[in-house]
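Have a look at start_32.txt; it's compact mmCIF, N, CA and C atoms:
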```txt
# COMPACT_ATOMS: atom_id res chain seq x y z
N MET L 1 -49.07 -9.33 -0.78
CA MET L 1 -50.01 -8.26 -0.51
C MET L 1 -49.27 -7.08 0.09
N SER L 2 -49.60 -5.90 -0.34
CA SER L 2 -48.99 -4.69 0.17
C SER L 2 -49.44 -4.45 1.60
N SER L 3 -48.72 -3.58 2.26
CA SER L 3 -49.17 -3.21 3.59
C SER L 3 -49.12 -1.71 3.74
N ILE L 4 -50.08 -1.18 4.42
CA ILE L 4 -50.14 0.25 4.68
C ILE L 4 -49.48 0.46 6.04
N GLN L 5 -48.42 1.24 6.04
CA GLN L 5 -47.63 1.43 7.25
C GLN L 5 -48.33 2.33 8.26
N GLU L 6 -48.89 3.42 7.78
CA GLU L 6 -49.55 4.34 8.70
C GLU L 6 -50.69 5.05 8.00
N CYS L 7 -51.53 5.65 8.79
CA CYS L 7 -52.73 6.29 8.27
C CYS L 7 -52.58 7.81 8.18
N GLY L 8 -51.47 8.34 8.62
CA GLY L 8 -51.29 9.79 8.74
C GLY L 8 -51.52 10.57 7.47
N ASP L 9 -50.91 10.17 6.37
CA ASP L 9 -51.03 10.89 5.11
C ASP L 9 -52.14 10.23 4.29
N PHE L 10 -53.29 10.90 4.19
CA PHE L 10 -54.43 10.28 3.53
C PHE L 10 -54.17 10.03 2.05
N SER L 11 -53.46 10.92 1.38
CA SER L 11 -53.17 10.72 -0.04
C SER L 11 -52.34 9.46 -0.26
N GLN L 12 -51.36 9.27 0.58
CA GLN L 12 -50.52 8.06 0.50
C GLN L 12 -51.35 6.83 0.83
N PHE L 13 -52.19 6.93 1.83
CA PHE L 13 -53.08 5.83 2.23
C PHE L 13 -53.98 5.45 1.06
N GLN L 14 -54.53 6.44 0.39
CA GLN L 14 -55.42 6.19 -0.74
C GLN L 14 -54.67 5.55 -1.91
N GLU L 15 -53.45 5.98 -2.17
CA GLU L 15 -52.64 5.39 -3.23
C GLU L 15 -52.36 3.92 -2.94
N GLU L 16 -52.07 3.61 -1.69
CA GLU L 16 -51.80 2.22 -1.32
C GLU L 16 -53.07 1.37 -1.46
N LEU L 17 -54.21 1.91 -1.09
CA LEU L 17 -55.47 1.19 -1.29
C LEU L 17 -55.70 0.92 -2.77
N LYS L 18 -55.39 1.90 -3.59
CA LYS L 18 -55.55 1.75 -5.04
C LYS L 18 -54.70 0.59 -5.54
N ARG L 19 -53.47 0.50 -5.07
CA ARG L 19 -52.59 -0.61 -5.48
C ARG L 19 -53.16 -1.95 -5.00
N MET L 20 -53.70 -1.96 -3.80
CA MET L 20 -54.24 -3.21 -3.26
C MET L 20 -55.54 -3.62 -3.94
N ARG L 21 -56.19 -2.70 -4.60
CA ARG L 21 -57.44 -3.01 -5.31
C ARG L 21 -57.21 -3.42 -6.76
N ALA L 22 -55.97 -3.62 -7.14
CA ALA L 22 -55.64 -3.94 -8.53
C ALA L 22 -56.36 -5.20 -9.02
N LEU L 23 -56.42 -6.25 -8.20
CA LEU L 23 -57.09 -7.48 -8.62
C LEU L 23 -58.57 -7.22 -8.88
N ASP L 24 -59.19 -6.44 -8.03
CA ASP L 24 -60.61 -6.11 -8.23
C ASP L 24 -60.80 -5.30 -9.50
N ASP L 25 -59.89 -4.37 -9.75
CA ASP L 25 -59.99 -3.54 -10.95
C ASP L 25 -59.79 -4.35 -12.22
N LYS L 26 -59.03 -5.43 -12.12
CA LYS L 26 -58.73 -6.24 -13.30
C LYS L 26 -59.40 -7.62 -13.23
N ILE L 27 -60.55 -7.70 -12.57
CA ILE L 27 -61.21 -8.98 -12.35
C ILE L 27 -61.56 -9.67 -13.67
N ILE L 28 -62.02 -8.93 -14.64
CA ILE L 28 -62.39 -9.56 -15.91
C ILE L 28 -61.14 -10.15 -16.58
N TYR L 29 -60.06 -9.41 -16.57
CA TYR L 29 -58.80 -9.92 -17.12
C TYR L 29 -58.36 -11.16 -16.35
N ALA L 30 -58.42 -11.11 -15.01
CA ALA L 30 -58.01 -12.25 -14.19
C ALA L 30 -58.86 -13.48 -14.50
N LEU L 31 -60.15 -13.29 -14.67
CA LEU L 31 -61.03 -14.41 -15.00
C LEU L 31 -60.74 -14.93 -16.41
N ASN L 32 -60.51 -14.02 -17.33
CA ASN L 32 -60.22 -14.44 -18.71
C ASN L 32 -58.93 -15.25 -18.79
N THR L 33 -57.94 -14.88 -18.01
CA THR L 33 -56.67 -15.60 -18.05
C THR L 33 -56.69 -16.85 -17.18
N SER L 34 -57.60 -16.94 -16.23
CA SER L 34 -57.66 -18.09 -15.32
C SER L 34 -58.55 -19.21 -15.83
N LEU L 35 -59.64 -18.83 -16.46
CA LEU L 35 -60.62 -19.84 -16.87
C LEU L 35 -60.36 -20.27 -18.32
N PRO L 36 -60.47 -21.57 -18.55
CA PRO L 36 -60.15 -22.08 -19.89
C PRO L 36 -61.25 -21.79 -20.92
N THR L 37 -60.80 -21.65 -22.14
CA THR L 37 -61.74 -21.60 -23.25
C THR L 37 -62.07 -23.05 -23.60
N GLU L 38 -62.99 -23.26 -24.51
CA GLU L 38 -63.38 -24.62 -24.89
C GLU L 38 -62.17 -25.45 -25.32
N SER L 39 -61.26 -24.85 -26.04
CA SER L 39 -60.12 -25.61 -26.58
C SER L 39 -59.08 -25.98 -25.51
N PHE L 40 -59.10 -25.32 -24.36
CA PHE L 40 -58.11 -25.60 -23.32
C PHE L 40 -58.73 -26.22 -22.06
N LYS L 41 -59.97 -26.67 -22.14
CA LYS L 41 -60.64 -27.19 -20.95
C LYS L 41 -59.91 -28.34 -20.28
N GLY L 42 -59.25 -29.18 -21.05
CA GLY L 42 -58.55 -30.32 -20.47
C GLY L 42 -57.26 -29.96 -19.78
N GLN L 43 -56.70 -28.81 -20.07
CA GLN L 43 -55.39 -28.43 -19.53
C GLN L 43 -55.48 -27.63 -18.23
N ILE L 44 -56.59 -27.01 -17.95
CA ILE L 44 -56.74 -26.14 -16.77
C ILE L 44 -57.97 -26.60 -15.98
N ASN L 45 -57.82 -26.65 -14.66
CA ASN L 45 -58.93 -27.01 -13.79
C ASN L 45 -59.64 -25.72 -13.37
N PRO L 46 -60.80 -25.44 -13.97
CA PRO L 46 -61.48 -24.18 -13.67
C PRO L 46 -61.97 -24.08 -12.23
N GLU L 47 -62.32 -25.21 -11.62
CA GLU L 47 -62.77 -25.18 -10.23
C GLU L 47 -61.64 -24.69 -9.32
N THR L 48 -60.45 -25.22 -9.52
CA THR L 48 -59.29 -24.79 -8.73
C THR L 48 -58.98 -23.32 -8.97
N GLN L 49 -59.06 -22.91 -10.22
CA GLN L 49 -58.77 -21.51 -10.58
C GLN L 49 -59.76 -20.57 -9.90
N CYS L 50 -61.03 -20.92 -9.92
CA CYS L 50 -62.06 -20.09 -9.28
C CYS L 50 -61.86 -20.03 -7.77
N ARG L 51 -61.58 -21.18 -7.17
CA ARG L 51 -61.36 -21.20 -5.72
C ARG L 51 -60.14 -20.36 -5.33
N ASP L 52 -59.06 -20.49 -6.09
CA ASP L 52 -57.85 -19.70 -5.81
C ASP L 52 -58.12 -18.21 -5.95
N LEU L 53 -58.80 -17.83 -7.00
CA LEU L 53 -59.13 -16.43 -7.21
C LEU L 53 -60.03 -15.91 -6.09
N HIS L 54 -60.98 -16.73 -5.68
CA HIS L 54 -61.87 -16.34 -4.59
C HIS L 54 -61.09 -16.12 -3.30
N ARG L 55 -60.14 -17.02 -3.02
CA ARG L 55 -59.31 -16.87 -1.81
C ARG L 55 -58.51 -15.56 -1.86
N GLN L 56 -57.95 -15.24 -3.01
CA GLN L 56 -57.19 -14.00 -3.16
C GLN L 56 -58.08 -12.78 -2.93
N LEU L 57 -59.26 -12.82 -3.53
CA LEU L 57 -60.19 -11.70 -3.37
C LEU L 57 -60.61 -11.54 -1.91
N ALA L 58 -60.97 -12.64 -1.26
CA ALA L 58 -61.42 -12.59 0.13
C ALA L 58 -60.32 -12.06 1.05
N ALA L 59 -59.09 -12.50 0.83
CA ALA L 59 -57.97 -12.02 1.64
C ALA L 59 -57.79 -10.51 1.46
N GLY L 60 -57.90 -10.05 0.23
CA GLY L 60 -57.77 -8.62 -0.04
C GLY L 60 -58.87 -7.82 0.62
N TYR L 61 -60.11 -8.30 0.54
CA TYR L 61 -61.23 -7.59 1.17
C TYR L 61 -61.00 -7.48 2.67
N SER L 62 -60.66 -8.59 3.28
CA SER L 62 -60.49 -8.62 4.72
C SER L 62 -59.37 -7.68 5.16
N TYR L 63 -58.24 -7.76 4.48
CA TYR L 63 -57.10 -6.92 4.85
C TYR L 63 -57.42 -5.43 4.69
N ARG L 64 -58.00 -5.08 3.55
CA ARG L 64 -58.30 -3.67 3.31
C ARG L 64 -59.33 -3.15 4.31
N GLN L 65 -60.37 -3.93 4.56
CA GLN L 65 -61.40 -3.48 5.49
C GLN L 65 -60.83 -3.31 6.90
N ASP L 66 -60.04 -4.28 7.34
CA ASP L 66 -59.42 -4.17 8.67
C ASP L 66 -58.51 -2.96 8.75
N THR L 67 -57.75 -2.72 7.69
CA THR L 67 -56.84 -1.58 7.66
C THR L 67 -57.60 -0.26 7.71
N ILE L 68 -58.64 -0.16 6.91
CA ILE L 68 -59.44 1.07 6.90
C ILE L 68 -60.07 1.30 8.27
N LYS L 69 -60.62 0.26 8.86
CA LYS L 69 -61.24 0.39 10.18
C LYS L 69 -60.22 0.79 11.25
N LYS L 70 -59.01 0.24 11.15
CA LYS L 70 -57.95 0.60 12.09
C LYS L 70 -57.61 2.08 11.96
N CYS L 71 -57.52 2.55 10.74
CA CYS L 71 -57.22 3.96 10.50
C CYS L 71 -58.37 4.86 10.95
N ILE L 72 -59.59 4.42 10.75
CA ILE L 72 -60.74 5.19 11.22
C ILE L 72 -60.68 5.33 12.74
N GLN L 73 -60.39 4.23 13.42
CA GLN L 73 -60.32 4.27 14.88
C GLN L 73 -59.20 5.20 15.35
N SER L 74 -58.06 5.10 14.72
CA SER L 74 -56.92 5.96 15.07
C SER L 74 -57.25 7.43 14.84
N CYS L 75 -57.85 7.72 13.71
CA CYS L 75 -58.22 9.09 13.38
C CYS L 75 -59.31 9.61 14.34
N ALA L 76 -60.28 8.76 14.66
CA ALA L 76 -61.34 9.16 15.60
C ALA L 76 -60.74 9.48 16.97
N ASP L 77 -59.76 8.69 17.39
CA ASP L 77 -59.08 8.97 18.66
C ASP L 77 -58.37 10.32 18.60
N ASN L 78 -57.73 10.60 17.46
CA ASN L 78 -57.06 11.90 17.29
C ASN L 78 -58.05 13.05 17.33
N VAL L 79 -59.19 12.87 16.68
CA VAL L 79 -60.23 13.91 16.67
C VAL L 79 -60.71 14.17 18.09
N LYS L 80 -60.93 13.11 18.84
CA LYS L 80 -61.38 13.27 20.23
C LYS L 80 -60.34 14.02 21.06
N ALA L 81 -59.08 13.63 20.92
CA ALA L 81 -58.01 14.28 21.69
C ALA L 81 -57.90 15.76 21.30
N LEU L 82 -57.98 16.04 20.00
CA LEU L 82 -57.90 17.43 19.55
C LEU L 82 -59.12 18.23 20.01
N LYS L 83 -60.26 17.59 20.05
CA LYS L 83 -61.47 18.27 20.52
C LYS L 83 -61.31 18.65 21.99
N ASP L 84 -60.77 17.73 22.78
CA ASP L 84 -60.55 18.01 24.20
C ASP L 84 -59.57 19.17 24.38
N LYS L 85 -58.49 19.17 23.59
CA LYS L 85 -57.51 20.27 23.66
C LYS L 85 -58.15 21.58 23.24
N ARG L 86 -58.98 21.50 22.23
CA ARG L 86 -59.64 22.70 21.70
C ARG L 86 -60.60 23.30 22.73
N GLU L 87 -61.25 22.43 23.49
CA GLU L 87 -62.17 22.90 24.54
C GLU L 87 -61.42 23.76 25.56
N GLN L 88 -60.17 23.39 25.81
CA GLN L 88 -59.37 24.11 26.80
C GLN L 88 -58.79 25.41 26.24
N ASN L 89 -58.64 25.48 24.91
CA ASN L 89 -58.01 26.65 24.32
C ASN L 89 -58.70 27.00 23.00
N ARG L 90 -59.83 27.63 23.08
CA ARG L 90 -60.66 27.95 21.91
C ARG L 90 -59.99 28.93 20.94
N ASP L 91 -59.07 29.73 21.42
CA ASP L 91 -58.47 30.78 20.59
C ASP L 91 -57.26 30.31 19.79
N ASP L 92 -56.85 29.08 19.96
CA ASP L 92 -55.66 28.55 19.27
C ASP L 92 -56.03 28.22 17.82
N VAL L 93 -55.63 29.10 16.90
CA VAL L 93 -55.98 28.96 15.48
C VAL L 93 -55.36 27.69 14.90
N LYS L 94 -54.12 27.43 15.25
CA LYS L 94 -53.43 26.24 14.73
C LYS L 94 -54.14 24.96 15.18
N LEU L 95 -54.57 24.92 16.41
CA LEU L 95 -55.27 23.76 16.95
C LEU L 95 -56.63 23.58 16.26
N ASN L 96 -57.34 24.67 16.03
CA ASN L 96 -58.63 24.59 15.32
C ASN L 96 -58.44 24.06 13.90
N LYS L 97 -57.40 24.54 13.24
CA LYS L 97 -57.11 24.09 11.88
C LYS L 97 -56.77 22.61 11.87
N GLU L 98 -55.97 22.17 12.80
CA GLU L 98 -55.59 20.76 12.90
C GLU L 98 -56.82 19.88 13.19
N PHE L 99 -57.69 20.37 14.06
CA PHE L 99 -58.92 19.64 14.41
C PHE L 99 -59.80 19.45 13.17
N LYS L 100 -59.99 20.52 12.41
CA LYS L 100 -60.84 20.44 11.21
C LYS L 100 -60.21 19.54 10.16
N SER L 101 -58.90 19.60 10.03
CA SER L 101 -58.20 18.74 9.08
C SER L 101 -58.37 17.27 9.45
N GLU L 102 -58.27 16.97 10.72
CA GLU L 102 -58.42 15.59 11.18
C GLU L 102 -59.86 15.11 11.03
N GLN L 103 -60.82 15.99 11.24
CA GLN L 103 -62.23 15.64 11.01
C GLN L 103 -62.47 15.31 9.54
N ARG L 104 -61.88 16.11 8.66
CA ARG L 104 -62.02 15.88 7.22
C ARG L 104 -61.41 14.53 6.83
N LYS L 105 -60.25 14.23 7.39
CA LYS L 105 -59.61 12.95 7.10
C LYS L 105 -60.47 11.80 7.61
N LEU L 106 -61.09 11.96 8.75
CA LEU L 106 -61.97 10.91 9.29
C LEU L 106 -63.15 10.66 8.34
N ARG L 107 -63.74 11.72 7.82
CA ARG L 107 -64.86 11.56 6.86
C ARG L 107 -64.38 10.84 5.59
N LEU L 108 -63.20 11.19 5.12
CA LEU L 108 -62.66 10.54 3.92
C LEU L 108 -62.40 9.05 4.17
N LEU L 109 -61.89 8.73 5.33
CA LEU L 109 -61.65 7.32 5.67
C LEU L 109 -62.97 6.55 5.75
N GLN L 110 -63.98 7.17 6.33
CA GLN L 110 -65.29 6.52 6.41
C GLN L 110 -65.87 6.29 5.01
N THR L 111 -65.61 7.23 4.12
CA THR L 111 -66.05 7.08 2.73
C THR L 111 -65.36 5.88 2.08
N GLU L 112 -64.11 5.65 2.43
CA GLU L 112 -63.38 4.51 1.85
C GLU L 112 -64.04 3.18 2.20
N LEU L 113 -64.69 3.09 3.36
CA LEU L 113 -65.43 1.85 3.68
C LEU L 113 -66.58 1.65 2.70
N SER L 114 -67.27 2.72 2.34
CA SER L 114 -68.35 2.62 1.36
C SER L 114 -67.80 2.25 -0.01
N VAL L 115 -66.67 2.82 -0.37
CA VAL L 115 -66.03 2.48 -1.64
C VAL L 115 -65.68 1.00 -1.66
N GLU L 116 -65.17 0.49 -0.55
CA GLU L 116 -64.82 -0.92 -0.43
C GLU L 116 -66.05 -1.79 -0.68
N ASP L 117 -67.18 -1.42 -0.12
CA ASP L 117 -68.43 -2.19 -0.33
C ASP L 117 -68.82 -2.21 -1.80
N ILE L 118 -68.70 -1.08 -2.46
CA ILE L 118 -69.07 -0.99 -3.88
C ILE L 118 -68.12 -1.86 -4.72
N ILE L 119 -66.84 -1.76 -4.44
CA ILE L 119 -65.86 -2.56 -5.18
C ILE L 119 -66.12 -4.05 -4.97
N ARG L 120 -66.35 -4.44 -3.73
CA ARG L 120 -66.61 -5.85 -3.42
C ARG L 120 -67.85 -6.34 -4.16
N GLU L 121 -68.90 -5.56 -4.12
CA GLU L 121 -70.15 -5.97 -4.77
C GLU L 121 -69.95 -6.14 -6.28
N ARG L 122 -69.28 -5.19 -6.91
CA ARG L 122 -69.04 -5.24 -8.35
C ARG L 122 -68.18 -6.45 -8.72
N THR L 123 -67.12 -6.66 -7.97
CA THR L 123 -66.22 -7.78 -8.26
C THR L 123 -66.92 -9.11 -8.04
N GLN L 124 -67.65 -9.23 -6.95
CA GLN L 124 -68.34 -10.48 -6.65
C GLN L 124 -69.39 -10.81 -7.71
N LYS L 125 -70.06 -9.80 -8.21
CA LYS L 125 -71.05 -10.03 -9.27
C LYS L 125 -70.36 -10.63 -10.50
N THR L 126 -69.26 -10.04 -10.91
CA THR L 126 -68.51 -10.54 -12.06
C THR L 126 -67.98 -11.95 -11.79
N PHE L 127 -67.44 -12.16 -10.61
CA PHE L 127 -66.90 -13.47 -10.24
C PHE L 127 -67.99 -14.54 -10.30
N ARG L 128 -69.15 -14.24 -9.70
CA ARG L 128 -70.26 -15.21 -9.70
C ARG L 128 -70.71 -15.55 -11.12
N GLU L 129 -70.81 -14.53 -11.95
CA GLU L 129 -71.25 -14.77 -13.33
C GLU L 129 -70.32 -15.71 -14.07
N ARG L 130 -69.02 -15.58 -13.85
CA ARG L 130 -68.06 -16.38 -14.59
C ARG L 130 -67.74 -17.72 -13.95
N CYS L 131 -67.79 -17.81 -12.62
CA CYS L 131 -67.37 -19.05 -11.95
C CYS L 131 -68.54 -19.95 -11.55
N ARG L 132 -69.74 -19.50 -11.69
CA ARG L 132 -70.88 -20.32 -11.24
C ARG L 132 -71.00 -21.64 -12.01
N MET L 133 -70.42 -21.70 -13.20
CA MET L 133 -70.45 -22.95 -13.99
C MET L 133 -69.51 -23.99 -13.42
N PHE L 134 -68.50 -23.56 -12.67
CA PHE L 134 -67.45 -24.46 -12.21
C PHE L 134 -67.50 -24.79 -10.73
N VAL L 135 -68.01 -23.86 -9.92
CA VAL L 135 -68.11 -24.08 -8.47
C VAL L 135 -69.41 -23.49 -7.97
N ASN L 136 -69.85 -23.99 -6.82
CA ASN L 136 -71.03 -23.43 -6.19
C ASN L 136 -70.56 -22.15 -5.47
N VAL L 137 -70.74 -21.01 -6.10
CA VAL L 137 -70.21 -19.76 -5.57
C VAL L 137 -70.88 -19.34 -4.27
N ASP L 138 -72.05 -19.88 -3.98
CA ASP L 138 -72.72 -19.54 -2.74
C ASP L 138 -72.06 -20.18 -1.52
N THR L 139 -71.30 -21.26 -1.74
CA THR L 139 -70.65 -21.94 -0.62
C THR L 139 -69.22 -21.48 -0.41
N LEU L 140 -68.71 -20.64 -1.29
CA LEU L 140 -67.33 -20.14 -1.12
C LEU L 140 -67.25 -19.08 -0.06
```
Translate this structure into structure tokens?
Amino acid sequence: MSSIQECGDFSQFQEELKRMRALDDKIIYALNTSLPTESFKGQINPETQCRDLHRQLAAGYSYRQDTIKKCIQSCADNVKALKDKREQNRDDVKLNKEFKSEQRKLRLLQTELSVEDIIRERTQKTFRERCRMFVNVDTL
């Protein structure tokens, strides 16, 4: 699993999230290659394949959500600190610009949490449809 080193550059952060979402983006392909067709049912254990895929998905969700929340907290702390500095020096154009930029980044990070929810929901729907024949997906 990839790791996001820092939250400072939002574009880089977003690119890393995109790479970490690869399994979700390719869920249908992953299911097609993991689950056996009728002719290969004896060679592959679909229950094991579904459980393994579910573990990979859950680990990715957890890591990405924790990372996004960590970055949101860090950015929120920066916004607060910049706001306090700005209160002391209202005429500092550079400080005002930095404050607004950090606020914008905070909103973008918060949006990424919503994106994560949408991705999770879409992937889980596909996973349930394909793996429900092999495992009780409600207990995973």
Legend entry - Those in chain L with helix (DSSP H, G or I) from DSSP, as a PyMOL selection string: chain L and resi 10-20+22-25+27-34+38-40+46-88+93-131
Inset, instruction - Tell me which protein, DNA and RNA residues are within 8 Å of range 12-27 of chain L, counting only N, CA and C atoms, leaving out same-chain ones fewer than 3 positions away, and put them as an NGL selection string. - result: :L and (1-9 or 30-33 or 56-57 or 60-61 or 64 or 119-120 or 122-124 or 126-127)
Inset, instruction - Take atom C of Ile68 in chain L and atom N of Cys50 in chain L and report the distance between them in Å, one decimal. - result: 28.7 Å
Legend entry - Two-atom distance - atom N of Lys85 in chain L, atom C of Gln73 in chain L (Å): 16.2 Å
Legend entry - Length of the CA of Arg51 in chain L to CA of Val115 in chain L vector [Å]: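 Result for CA of Arg51 in chain L versus CA of Val115 in chain L: 24.5 Å, one decimal.
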Which centre and edge lengths in Å to one decimal define the box along x, y and z that fits every listed atom of range 75-78 of chain L plus 5 Å per side, as AutoDock Vina command-line options?
```
--center_x -59.2 --center_y 10.4 --center_z 16.0 --size_x 14.3 --size_y 15.3 --size_z 15.3
```
Inset, instruction - Using only C-alpha atoms, pick whichever of L:Ser34, L:Asp66, L:Arg107, L:Glu98 has the shortest atom-to-atom distance to Asp52 in chain L. - result: L:Ser34
Inset, instruction - Find the residue from L:Ser114, L:Gln65, L:Gln43, L:Gln103 that sits nearest to Asn78 in chain L; use only N, CA and C atoms when measuring. - result: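 Of L:Ser114, L:Gln65, L:Gln43, L:Gln103, the one nearest Asn78 in chain L is L:Gln103, counting only N, CA and C atoms.
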Inset, instruction - Skip Asn136 in chain L itself and residues of its chain fewer than 3 positions away, then list as a ChimeraX atom specification all residues within 12 Å of it, counting only C-alpha atoms. - result: /L:47,50-51,54,127-133,139-140
Legend entry - Residue among L:Phe10, L:Leu35, L:Asp92, L:Val79 lying closest to Gln49 in chain L, counting only N, CA and C atoms: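 When distances to Gln49 in chain L are compared using only N, CA and C atoms, the smallest one comes from L:Leu35.
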Legend entry - Who sits within 8 Å of Arg86 in chain L, only N, CA and C atoms, same chain under 4 positions skipped, as a PyMOL selection string: chain L and resi 80-82+90-92+95-96+99
Starting from the sparse input, extend range 70-78 of chain L to all heavy atoms and give the output as a CSV table (one decimal), in the coordinates of the input.
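Listing of selection38.csv after writing:
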```csv
chain,number,residue,atom,x,y,z
L,70,LYS,N,-59.0,0.2,11.2
L,70,LYS,CA,-58.0,0.6,12.1
L,70,LYS,C,-57.6,2.1,12.0
L,70,LYS,O,-57.5,2.8,13.0
L,70,LYS,CB,-56.7,-0.3,11.8
L,70,LYS,CG,-55.6,0.0,12.8
L,70,LYS,CD,-54.3,-0.7,12.4
L,70,LYS,CE,-53.6,0.2,11.5
L,70,LYS,NZ,-52.4,0.1,10.9
L,71,CYS,N,-57.5,2.6,10.7
L,71,CYS,CA,-57.2,4.0,10.5
L,71,CYS,C,-58.4,4.9,11.0
L,71,CYS,O,-58.1,5.9,11.5
L,71,CYS,CB,-56.9,4.2,9.0
L,71,CYS,SG,-55.3,3.5,8.6
L,72,ILE,N,-59.6,4.4,10.8
L,72,ILE,CA,-60.7,5.2,11.2
L,72,ILE,C,-60.7,5.3,12.7
L,72,ILE,O,-60.9,6.4,13.3
L,72,ILE,CB,-62.1,4.6,10.8
L,72,ILE,CG1,-62.3,4.8,9.3
L,72,ILE,CG2,-63.3,5.1,11.6
L,72,ILE,CD1,-63.5,4.0,8.7
L,73,GLN,N,-60.4,4.2,13.4
L,73,GLN,CA,-60.3,4.3,14.9
L,73,GLN,C,-59.2,5.2,15.4
L,73,GLN,O,-59.4,6.0,16.3
L,73,GLN,CB,-60.1,2.9,15.5
L,73,GLN,CG,-60.1,2.8,17.0
L,73,GLN,CD,-61.4,3.3,17.5
L,73,GLN,OE1,-62.5,2.8,17.1
L,73,GLN,NE2,-61.4,4.3,18.4
L,74,SER,N,-58.1,5.1,14.7
L,74,SER,CA,-56.9,6.0,15.1
L,74,SER,C,-57.2,7.4,14.8
L,74,SER,O,-57.0,8.3,15.7
L,74,SER,CB,-55.7,5.6,14.2
L,74,SER,OG,-54.6,6.4,14.4
L,75,CYS,N,-57.8,7.7,13.7
L,75,CYS,CA,-58.2,9.1,13.4
L,75,CYS,C,-59.3,9.6,14.3
L,75,CYS,O,-59.3,10.8,14.8
L,75,CYS,CB,-58.7,9.2,11.9
L,75,CYS,SG,-58.9,10.8,11.3
L,76,ALA,N,-60.3,8.8,14.7
L,76,ALA,CA,-61.3,9.2,15.6
L,76,ALA,C,-60.7,9.5,17.0
L,76,ALA,O,-61.2,10.4,17.6
L,76,ALA,CB,-62.4,8.1,15.7
L,77,ASP,N,-59.8,8.7,17.4
L,77,ASP,CA,-59.1,9.0,18.7
L,77,ASP,C,-58.4,10.3,18.6
L,77,ASP,O,-58.4,11.1,19.6
L,77,ASP,CB,-58.1,7.9,19.0
L,77,ASP,CG,-58.8,6.5,19.3
L,77,ASP,OD1,-60.0,6.5,19.6
L,77,ASP,OD2,-58.1,5.5,19.3
L,78,ASN,N,-57.7,10.6,17.5
L,78,ASN,CA,-57.1,11.9,17.3
L,78,ASN,C,-58.0,13.0,17.3
L,78,ASN,O,-57.8,14.1,17.9
L,78,ASN,CB,-56.3,11.9,16.0
L,78,ASN,CG,-55.0,11.1,16.0
L,78,ASN,OD1,-54.6,10.7,17.0
L,78,ASN,ND2,-54.5,10.8,14.8
```
